[in-house]
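What follows is one structure encoded as structure tokens, with my remarks underneath.
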Amino acid sequence: MELVGAWSRRIAERLTPHEIDFAAEVGSAYAEGGERRRRLFTTGDGGETGGFGPGAEIGELPAILDALRAAADHLHTFLADGLIGNTLAVYALIQARRSDTTPSLERTATTGGPSAPAELNPGQGRLLDQAIAVLTERLIAYGLSRERAEQQTYRLLETIFEPGNTPEEIQALLAALLATDPAQPLPEPRLGGRPRSWMLPPWLWFYLIAYLLVGVPWLIGDWTRQATDYWTLITNSPVGVARTAGIVLGVASIAQLFPALILLGAVASLLLPEYRGKRVERRHGLRASGNPVIEEIAAFVRRQDPSIEIRFSESTRMPARVYPVGWNKARIAVFLPLTVLWRADREAAEAVLLHEIAHRRQLDHHVVGLASPFTWLVRAWGPVFVLVGLLPITLYVVLGGAAGRLMTGQLLVHTAVVARMLLLPVMALWLAELSADRLAVRQRDPDALIRALALERTLPSGRLSRAGRVLTHPPAALRRKAAGGRLCGLTGLAVAWPATLVVRLALVSALALPAFMLTGEDIGAAIAHVLRSIVDGLAFDRLLVGGSAVLLVVWPWIVRTRHAGDRNSQLAPYALAAVLPLALYMTSFI
């Protein structure tokens, strides 16, 4: 403790002279650990009254000592092999790194120079770079600006390795730090600055929960009733028109079960995050990488959310995607296009990463992202519906089946299932993407995100792949407009979900009207039937429409409660958006 206290005073003389009076005591308290160390990082919780408010800053010295403890492993290994004969060489290298006259220790070794060591392990340059990155990241996490954190990082290393300090003295300091408790857990990352109002309501999770409770049982029950009717038609009818129609309808009805599979796929994704993570990494050849670009990307991501790790693949299929590797762990897969963008347009590359980090903060990565069965099933729904649901009936009608008129009506009924069951998950996925975009826009700027979106147009993909992508990602043009605030800003995004409820209802009704008329009903009876179906459908969807109204009303209050002082959480857009689902809910009681 005395050794750390003495070094703490020397560090304070150079880095924080206003904290020098108690620097030795601070160093000893940090080295002792336990309650004494915790007190150094306690800023107050507002529970006690007094003349001045609680929560004063902890000062820089405890944060600097904690950052040094976090980097001690790298620095200890850096000196452990004994190839650094004197600290003068290291001091010169640190100064060169600070002035950016040399990118790494390896370059200093290869170009020579009076301060370069006679022998230098190329891996040591990476160790020093890692130590610099750890120190800088920790200081930023404690609230220092990037410029200040970098300045203090290099001052700290120059103080430790300044001429006159022997390698043995430095090793003694590092060994003393390594013998203490590990570095403090970093403060909880707060993305997007202080507020979290960049997040739209969690419509994806809302949809999944609501339909798992109501939709799946109804789908299975409805299909069972239809299958029973069709089986009765097949078995009780003589060979001919009725039996053929029953077989066609029975095959087509299988497509109506697919929405249930979509929801069950989401459940499977939630239950097996470790398996999904391993599958992703095997499929894409993802691995840890020591490439300097990947290390820079990893450092940026850690500053935003230390719980996210980076894995790399040379594939050019996409820039980056997030995926789970456990209940509370996530990784971002970085592909070759993002590493090129990182050097060509740093802000655009950071916008891509911020988008993926936002998915992690919204917990979307458990449902979407790489190897998601939910998104795969949503994309597969279209081809399956065409092949199994529409094609058999269409062929029957085209080939002149005797029950062609009735089967055409049934074709419209099957098409209405698509509008009823697919519009909401697609909109939920779109809004999750637009919500993630909002973080990138807030932390960078719209132009950075727009430039990043332009990258995806240059990536190789087929027409079928692009068409399927629209089911899980909004069109790039729509995302650019949303980023630029040309969709009525937050109000437009807030209204999007309830508007989808109305559009869904209108489409189903528009398809139902001719379907009823094809079964023999006149226009008046068909309209009355449609109106009754609307009310019945809304009664069935009460949980969905009522829950949507409640979520829209409480969401801005949730944001304000969790982030006191947030002035960006606007009540009016959400209150306006809540009118639509509230009206639908009231209509369901007619």
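Residues are named by chain letter and number: chains run A, B, ... in the order of the structure tokens, numbers start at 1 in each chain, and ligands are numbered from 1 in the order shown.
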Quick one: everything within 12 Å of Ile357 of chain A, counting only C-alpha atoms, minus sequence neighbours fewer than 2 positions away in the same chain. Send it as a short mmCIF file (atom, residue, chain, number, x, y, z; two decimals) with N, CA and C atoms, in the first residue's frame.
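Here's the written file part28.cif:
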```
data_model
loop_
_atom_site.label_atom_id
_atom_site.label_comp_id
_atom_site.auth_asym_id
_atom_site.auth_seq_id
_atom_site.Cartn_x
_atom_site.Cartn_y
_atom_site.Cartn_z
N PRO A 189 -23.15 2.06 -19.14
CA PRO A 189 -23.14 2.91 -20.34
C PRO A 189 -24.50 3.53 -20.58
N ARG A 190 -24.50 4.77 -21.01
CA ARG A 190 -25.76 5.48 -21.26
C ARG A 190 -25.73 5.98 -22.69
N LEU A 191 -26.27 5.18 -23.56
CA LEU A 191 -26.17 5.47 -24.98
C LEU A 191 -26.99 6.69 -25.35
N GLY A 192 -26.50 7.38 -26.37
CA GLY A 192 -27.23 8.52 -26.89
C GLY A 192 -27.18 9.73 -25.98
N ALA A 298 -13.32 -2.43 -31.80
CA ALA A 298 -13.68 -3.00 -30.49
C ALA A 298 -13.60 -1.96 -29.40
N PHE A 300 -14.06 1.28 -29.73
CA PHE A 300 -15.23 2.16 -29.88
C PHE A 300 -16.48 1.51 -29.30
N VAL A 301 -16.69 0.24 -29.60
CA VAL A 301 -17.88 -0.46 -29.12
C VAL A 301 -17.85 -0.59 -27.60
N ARG A 302 -16.68 -0.89 -27.04
CA ARG A 302 -16.58 -1.03 -25.58
C ARG A 302 -16.90 0.28 -24.87
N ARG A 303 -16.55 1.39 -25.47
CA ARG A 303 -16.87 2.67 -24.85
C ARG A 303 -18.38 2.89 -24.79
N GLN A 304 -19.09 2.33 -25.76
CA GLN A 304 -20.55 2.47 -25.76
C GLN A 304 -21.21 1.42 -24.88
N ASP A 305 -20.72 0.19 -24.95
CA ASP A 305 -21.31 -0.91 -24.18
C ASP A 305 -20.26 -1.98 -23.96
N PRO A 306 -19.66 -2.03 -22.77
CA PRO A 306 -18.58 -2.99 -22.51
C PRO A 306 -19.00 -4.45 -22.59
N SER A 307 -20.31 -4.74 -22.60
CA SER A 307 -20.76 -6.12 -22.64
C SER A 307 -20.72 -6.72 -24.04
N ILE A 308 -20.40 -5.91 -25.05
CA ILE A 308 -20.40 -6.40 -26.44
C ILE A 308 -18.97 -6.70 -26.89
N GLU A 309 -18.78 -7.86 -27.49
CA GLU A 309 -17.49 -8.24 -28.05
C GLU A 309 -17.56 -8.18 -29.58
N ILE A 310 -16.39 -8.19 -30.20
CA ILE A 310 -16.30 -8.10 -31.66
C ILE A 310 -15.71 -9.40 -32.21
N ALA A 320 -22.03 -5.27 -40.83
CA ALA A 320 -21.97 -5.73 -39.44
C ALA A 320 -23.35 -6.17 -39.00
N ARG A 321 -23.39 -7.14 -38.06
CA ARG A 321 -24.65 -7.59 -37.50
C ARG A 321 -24.42 -8.01 -36.05
N VAL A 322 -25.41 -7.77 -35.22
CA VAL A 322 -25.33 -8.18 -33.82
C VAL A 322 -25.98 -9.55 -33.66
N TYR A 323 -25.51 -10.32 -32.70
CA TYR A 323 -26.12 -11.62 -32.41
C TYR A 323 -25.85 -11.98 -30.95
N PRO A 324 -26.73 -12.77 -30.34
CA PRO A 324 -26.55 -13.12 -28.93
C PRO A 324 -25.62 -14.33 -28.78
N ALA A 330 -23.60 -10.38 -25.86
CA ALA A 330 -23.83 -10.20 -27.29
C ALA A 330 -22.50 -9.93 -27.98
N ARG A 331 -22.47 -10.21 -29.26
CA ARG A 331 -21.30 -9.90 -30.08
C ARG A 331 -21.77 -9.24 -31.36
N ILE A 332 -20.88 -8.43 -31.92
CA ILE A 332 -21.14 -7.83 -33.22
C ILE A 332 -20.20 -8.48 -34.23
N ALA A 333 -20.76 -9.04 -35.27
CA ALA A 333 -19.96 -9.60 -36.35
C ALA A 333 -19.57 -8.46 -37.29
N GLU A 350 -19.00 4.32 -37.73
CA GLU A 350 -19.49 4.39 -36.35
C GLU A 350 -21.01 4.39 -36.31
N ALA A 351 -21.64 5.00 -37.31
CA ALA A 351 -23.11 4.98 -37.38
C ALA A 351 -23.62 3.56 -37.54
N VAL A 352 -22.94 2.75 -38.35
CA VAL A 352 -23.32 1.34 -38.51
C VAL A 352 -23.21 0.62 -37.16
N LEU A 353 -22.12 0.83 -36.46
CA LEU A 353 -21.92 0.16 -35.17
C LEU A 353 -22.93 0.65 -34.13
N LEU A 354 -23.21 1.94 -34.12
CA LEU A 354 -24.20 2.47 -33.18
C LEU A 354 -25.58 1.86 -33.44
N HIS A 355 -25.90 1.64 -34.70
CA HIS A 355 -27.17 0.99 -35.04
C HIS A 355 -27.23 -0.42 -34.43
N HIS A 359 -29.62 -2.03 -31.22
CA HIS A 359 -30.38 -3.30 -31.19
C HIS A 359 -30.10 -4.06 -29.89
N ARG A 360 -28.85 -4.04 -29.45
CA ARG A 360 -28.49 -4.71 -28.20
C ARG A 360 -29.19 -4.03 -27.01
N ARG A 361 -29.19 -2.72 -27.00
CA ARG A 361 -29.82 -2.00 -25.90
C ARG A 361 -31.33 -2.19 -25.89
N GLN A 362 -31.92 -2.35 -27.07
CA GLN A 362 -33.36 -2.60 -27.17
C GLN A 362 -33.70 -4.08 -26.97
N LEU A 363 -32.67 -4.92 -26.84
CA LEU A 363 -32.82 -6.38 -26.71
C LEU A 363 -33.40 -7.01 -27.97
N ASP A 364 -33.36 -6.29 -29.09
CA ASP A 364 -33.83 -6.86 -30.36
C ASP A 364 -32.97 -8.03 -30.80
N HIS A 365 -31.70 -8.04 -30.40
CA HIS A 365 -30.77 -9.04 -30.93
C HIS A 365 -31.19 -10.46 -30.58
N GLY A 369 -31.32 -10.16 -36.09
CA GLY A 369 -29.86 -10.34 -36.19
C GLY A 369 -29.52 -11.63 -36.90
N GLU A 433 -35.82 -1.28 -36.57
CA GLU A 433 -34.69 -0.77 -37.34
C GLU A 433 -34.64 0.76 -37.31
N SER A 435 -35.84 2.68 -35.03
CA SER A 435 -35.46 3.09 -33.68
C SER A 435 -33.96 3.02 -33.50
N ALA A 436 -33.35 1.94 -34.00
CA ALA A 436 -31.89 1.81 -33.91
C ALA A 436 -31.20 2.90 -34.72
N ASP A 437 -31.78 3.26 -35.85
CA ASP A 437 -31.21 4.37 -36.64
C ASP A 437 -31.19 5.67 -35.85
N ARG A 438 -32.19 5.86 -35.00
CA ARG A 438 -32.29 7.12 -34.25
C ARG A 438 -31.09 7.33 -33.33
N LEU A 439 -30.55 6.24 -32.79
CA LEU A 439 -29.35 6.40 -31.95
C LEU A 439 -28.17 6.86 -32.79
N ALA A 440 -28.00 6.26 -33.97
CA ALA A 440 -26.90 6.67 -34.84
C ALA A 440 -27.03 8.13 -35.24
N GLN A 443 -26.13 10.34 -32.06
CA GLN A 443 -24.73 10.40 -31.66
C GLN A 443 -23.82 10.91 -32.76
#
```
- Message: I need the residues of segment 469-537 of chain A that end up classed as helix (DSSP H, G or I) by DSSP on the backbone, written out as a PyMOL selection string.
- Response: chain A and resi 469+476-483+489-518+523-537
(message) Env of Pro446 of chain A: 9 Å cut, atoms = only C-alpha atoms, seq-sep filter 5 positions within chain, self excluded. Answer as an MDAnalysis selection string.
(response) chainID A and resid 438 440:441 451 480 483:485
Counting only C-alpha atoms, what is within 12 Å of segment 576-583 of chain A, bar same-chain residues fewer than 2 positions away, as a PyMOL selection string?
chain A and resi 201+490-503+505+538+541-555+570-574+585-590
Only N, CA and C atoms, please: the residues just picked out, written as a short mmCIF file (atom, residue, chain, number, x, y, z; two decimals), in the first residue's frame.
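Dumped to out_2.cif:
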```cif
data_model
loop_
_atom_site.label_atom_id
_atom_site.label_comp_id
_atom_site.auth_asym_id
_atom_site.auth_seq_id
_atom_site.Cartn_x
_atom_site.Cartn_y
_atom_site.Cartn_z
N PRO A 201 -41.20 2.91 -28.80
CA PRO A 201 -41.79 1.83 -27.99
C PRO A 201 -41.39 0.46 -28.54
N LEU A 490 -40.76 12.58 -34.92
CA LEU A 490 -41.20 11.59 -33.94
C LEU A 490 -42.69 11.29 -34.08
N THR A 491 -43.48 12.28 -34.47
CA THR A 491 -44.92 12.05 -34.62
C THR A 491 -45.19 11.00 -35.68
N GLY A 492 -44.51 11.10 -36.82
CA GLY A 492 -44.70 10.10 -37.88
C GLY A 492 -44.33 8.70 -37.43
N LEU A 493 -43.24 8.58 -36.70
CA LEU A 493 -42.81 7.27 -36.22
C LEU A 493 -43.76 6.74 -35.14
N ALA A 494 -44.28 7.62 -34.30
CA ALA A 494 -45.21 7.20 -33.25
C ALA A 494 -46.52 6.71 -33.83
N VAL A 495 -46.97 7.36 -34.93
CA VAL A 495 -48.25 7.00 -35.55
C VAL A 495 -48.14 5.74 -36.40
N ALA A 496 -46.92 5.34 -36.78
CA ALA A 496 -46.75 4.24 -37.72
C ALA A 496 -47.41 2.95 -37.26
N TRP A 497 -47.24 2.59 -35.98
CA TRP A 497 -47.82 1.32 -35.50
C TRP A 497 -49.35 1.35 -35.48
N PRO A 498 -49.98 2.35 -34.84
CA PRO A 498 -51.45 2.37 -34.87
C PRO A 498 -52.01 2.51 -36.29
N ALA A 499 -51.28 3.23 -37.17
CA ALA A 499 -51.74 3.34 -38.56
C ALA A 499 -51.73 1.98 -39.23
N THR A 500 -50.77 1.14 -38.89
CA THR A 500 -50.71 -0.21 -39.45
C THR A 500 -51.92 -1.04 -39.00
N LEU A 501 -52.37 -0.83 -37.76
CA LEU A 501 -53.57 -1.52 -37.30
C LEU A 501 -54.77 -1.16 -38.16
N VAL A 502 -54.87 0.12 -38.54
CA VAL A 502 -55.99 0.58 -39.37
C VAL A 502 -55.86 0.04 -40.79
N VAL A 503 -54.64 0.13 -41.36
CA VAL A 503 -54.42 -0.38 -42.72
C VAL A 503 -54.70 -1.87 -42.79
N LEU A 505 -56.76 -3.58 -40.97
CA LEU A 505 -58.21 -3.77 -40.91
C LEU A 505 -58.85 -3.44 -42.25
N LEU A 538 -62.08 -6.97 -34.13
CA LEU A 538 -61.58 -6.04 -33.12
C LEU A 538 -61.80 -6.59 -31.72
N ASP A 541 -59.09 -8.80 -31.11
CA ASP A 541 -57.81 -8.09 -31.00
C ASP A 541 -57.81 -7.05 -29.89
N ARG A 542 -58.71 -7.15 -28.93
CA ARG A 542 -58.77 -6.14 -27.87
C ARG A 542 -57.45 -6.01 -27.12
N LEU A 543 -56.83 -7.13 -26.82
CA LEU A 543 -55.54 -7.08 -26.12
C LEU A 543 -54.52 -6.30 -26.94
N LEU A 544 -54.53 -6.53 -28.25
CA LEU A 544 -53.56 -5.88 -29.12
C LEU A 544 -53.82 -4.38 -29.23
N VAL A 545 -55.06 -3.98 -29.55
CA VAL A 545 -55.33 -2.56 -29.76
C VAL A 545 -55.35 -1.80 -28.43
N GLY A 546 -55.91 -2.42 -27.38
CA GLY A 546 -55.91 -1.75 -26.08
C GLY A 546 -54.51 -1.61 -25.52
N GLY A 547 -53.71 -2.67 -25.65
CA GLY A 547 -52.32 -2.60 -25.19
C GLY A 547 -51.51 -1.59 -25.96
N SER A 548 -51.80 -1.43 -27.26
CA SER A 548 -51.09 -0.43 -28.07
C SER A 548 -51.37 0.97 -27.56
N ALA A 549 -52.63 1.25 -27.24
CA ALA A 549 -52.98 2.57 -26.73
C ALA A 549 -52.30 2.85 -25.40
N VAL A 550 -52.31 1.85 -24.51
CA VAL A 550 -51.68 2.03 -23.20
C VAL A 550 -50.18 2.26 -23.34
N LEU A 551 -49.53 1.47 -24.19
CA LEU A 551 -48.08 1.62 -24.35
C LEU A 551 -47.72 2.99 -24.91
N LEU A 552 -48.50 3.48 -25.86
CA LEU A 552 -48.22 4.80 -26.43
C LEU A 552 -48.34 5.90 -25.38
N VAL A 553 -49.29 5.75 -24.47
CA VAL A 553 -49.49 6.77 -23.44
C VAL A 553 -48.38 6.73 -22.39
N VAL A 554 -47.99 5.53 -21.95
CA VAL A 554 -47.03 5.43 -20.83
C VAL A 554 -45.58 5.50 -21.28
N TRP A 555 -45.31 5.27 -22.57
CA TRP A 555 -43.91 5.18 -23.00
C TRP A 555 -43.10 6.44 -22.68
N GLN A 570 -41.15 13.64 -25.73
CA GLN A 570 -42.29 14.46 -26.05
C GLN A 570 -43.57 13.66 -25.84
N LEU A 571 -44.48 14.26 -25.12
CA LEU A 571 -45.75 13.60 -24.84
C LEU A 571 -46.72 13.69 -26.01
N ALA A 572 -46.77 14.82 -26.69
CA ALA A 572 -47.79 15.07 -27.71
C ALA A 572 -47.80 14.04 -28.84
N PRO A 573 -46.64 13.69 -29.43
CA PRO A 573 -46.69 12.70 -30.52
C PRO A 573 -47.30 11.36 -30.10
N TYR A 574 -46.95 10.90 -28.91
CA TYR A 574 -47.47 9.61 -28.45
C TYR A 574 -48.95 9.71 -28.08
N TYR A 585 -60.34 0.25 -30.10
CA TYR A 585 -60.73 -0.50 -28.89
C TYR A 585 -62.19 -0.22 -28.53
N MET A 586 -62.60 1.05 -28.59
CA MET A 586 -63.98 1.39 -28.26
C MET A 586 -64.94 0.78 -29.29
N THR A 587 -64.54 0.75 -30.56
CA THR A 587 -65.39 0.16 -31.60
C THR A 587 -65.66 -1.31 -31.35
N SER A 588 -64.69 -2.01 -30.73
CA SER A 588 -64.85 -3.45 -30.52
C SER A 588 -66.01 -3.78 -29.58
N PHE A 589 -66.57 -2.79 -28.87
CA PHE A 589 -67.68 -3.04 -27.94
C PHE A 589 -69.05 -2.74 -28.57
N ILE A 590 -69.05 -2.33 -29.84
CA ILE A 590 -70.32 -2.02 -30.50
C ILE A 590 -71.15 -3.30 -30.66
#
```
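Excluding Pro62 of chain A and any residue on its chain fewer than 3 positions from it, the residues at most 9 Å away by only C-alpha atoms are A:Val26, A:Gly27, A:Tyr30, A:Arg37, A:Leu40, A:Phe41, A:Ile58, A:Gly59, A:Leu65, A:Asp66, A:Ala67.
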Task: Selection: 7 Å around segment 521-536 of chain A, only C-alpha atoms, excl. self and same-chain fewer than 3 positions, as a list of chain:residue names - done: A:Ser509, A:Ala512, A:Leu513, A:Phe516, A:Met517, A:Ala539, A:Phe540, A:Thr587, A:Ser588
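Rounded to one decimal, atom CA of Arg379 of chain A and atom CA of Ala452 of chain A lie 23.7 Å from each other.
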